[in-house]
Structure formats: structure tokens, C-alpha cells
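Trainee: Next up is a structure, given as C-alpha cells.
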Amino acid sequence: MGGEPPEPGGDPWNGEPVTTIRASCPACGDVQLTAADVTVRLCADDDRGSYCFRCPGCAGRVVKDASRRVVDLLVAGGVRLDVWSLPAELSEPRREGPSFSEADVDEFGALLQSDGWFDHLAAEVGGSEDR
């Protein structure tokens with residue numbers, strides 16, 4: 001989609017106006033879609049937009065980045081808008097501490113092979129909250 005506004009068209013079955021959207025599939029090239037064929041996604045936190053559709057030629061799923069202007073044009077043309085938010089974990093403070101080493105992974109693997117591994121692990125985790 002080159003940022004062009006949706007083009008008006010017509011529905012030969014019932015005479016109601018239909019918006020025609022031109023987009024590009026990496027495999028098939030330019031394709032024509034209706035508003036019902038496309039979904040616009042907009043991140044509520046940082047205004048990043050994209051649109052997606054299933055190509056009518058190859059049935060592949062296509063996702064493309066979209067500027068706010070393109071998002072607005074598509075929504076004005078009747079395309080469904082899906083607003084989403086970034087995961088809350090991204091705004092949590094970064095926890096500092098040592099990285100896992102190969103020795104840590106080996107020790108954890110050995111712990112999982114032992115009897116009572118869960119009780120031992122629970123005791124370790126419970127004790128770390130006081131640190």
C-alpha cells in the first residue's frame with residue numbers, strides 16, 4: 001500500500017458502495033482487497049501501526065507496517081481497527097543481578113533429577129525475597 005486513499009468501488013451484488021484497497025503481496029505483487037479483507041492494528045502506547053490481510057492469490061498472510069496517516073485512511077475506508085497495548089512487563093523496572101552461567105544451568109538440571117527438587121527450589125526462591 002503506497003499510502004493512497006482507498007478507492008471507491010461498487011458491489012455488483014447489491015449496489016452498495018465498496019471500498020477497494022490496493023496492497024502488495026511479496027509473492028503475488030499488487031492485489032485488490034475490500035475493507036473486510038484487511039485488519040489494521042494500532043499500538044495504544046506508541047502509535048505504531050500495521051495492517052494485515054490474507055492474499056487472495058496465494059492465501060499467504062501479509063503484514064505491513066503503516067504510518068498513522070495510512071492507519072487513518074484505512075479506518076476511514078471501513079477497515080476494522082484492532083487497538084493493542086504493549087505488555088506490562090516492559091514497563092517494570094529492570095532487575096539487576098548476575099547472568100546465568102553454564103554451571104548454573106548444569107546445577108539446575110542436576111537439581112531437577114534429584115528427589116525433593118521442588119521443595120529445595122521453593123526454599124531457595126523463598127529465601128531470595130529477603131536478599
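Every chain in the C-alpha cells takes a letter, A first, then B, and so on in the order presented; its residues are numbered from 1, and the ligands are numbered from 1 following the presented order.
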Quick check for you: according to DSSP on this backbone, which residues of chain A are classed as alpha helix (DSSP H)? Reply as an MDAnalysis selection string.
Mentor: chainID A and resid 68:76 102:113 117:128
Trainee: Report as number ranges by chain all protein, DNA and RNA residues lying within 12 Å of A:Leu42, evaluated on only C-alpha atoms, omitting residues in the same chain fewer than 6 positions from it.
Mentor: A: 48-52, 65-72, 74-75, 80-86
Trainee: From the set A:Ala110, A:Val63, A:Cys43, A:Cys58, which residue has the shortest atom-to-atom contact distance to A:Ala23, counting only C-alpha atoms?
Mentor: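 Selected residue with least distance to A:Ala23: A:Val63.
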Trainee: How many Å lie between atom CA of A:Ile21 and atom CA of A:Thr34, rounded to one decimal?
Mentor: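 It comes out at 5.8 Å.
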Trainee: Which residues are near A:Phe108? Cut-off 10 Å, only C-alpha atoms, ignore same chain within fewer than 6 positions. Put them as JSON, numbers by chain.
Mentor: {"A": [102, 117, 121]}
Trainee: To one decimal in Å, tell me the separation between atom CA of A:Gly57 and atom CA of A:Cys25.
Mentor: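 Those two atoms sit 8.7 Å apart.
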Trainee: If you run DSSP on this backbone, which residues of chain A come out as strand (DSSP E or B), and could you give them as a PyMOL selection string?
Mentor: chain A and resi 7-10+17-25+29-34+38-43+49-54+61-66+80-84
Trainee: Figure out the distance between atom CA of A:Leu73 and atom CA of A:Val31, please, to one decimal in Å.
Mentor: 17.7 Å
Trainee: Find the residue from A:Pro56, A:Gly97, A:Gly109, A:Pro87 that sits nearest to A:Gln32; use only C-alpha atoms when measuring.
Mentor: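 Result for the nearest residue to A:Gln32: A:Pro56.
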Trainee: For A:Arg22, which of A:Phe100, A:Leu111, A:Ala35, A:His120 is the closest residue, counting only C-alpha atoms?
Mentor: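 So, comparing all the options, the nearest one is A:Ala35.
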Trainee: Taking into account only C-alpha atoms, which residue in the set A:Ala44, A:Val38, A:Cys55, A:Val79 is nearest to A:Pro26?
Mentor: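 Of A:Ala44, A:Val38, A:Cys55, A:Val79, the one nearest A:Pro26 is A:Cys55, counting only C-alpha atoms.
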Trainee: Using only C-alpha atoms for the distances, tell me which of A:Leu90, A:Asp30, A:Ser101, A:Asp106 is nearest to A:Asp45.
Mentor: A:Leu90
Trainee: Of the candidates A:Ala123, A:Ala59, A:Gly78, A:Ser91, which shows the shortest atom-to-atom distance to A:Ala36, using only C-alpha atoms?
Mentor: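 Counting only C-alpha atoms, the residue closest to A:Ala36 is A:Gly78.
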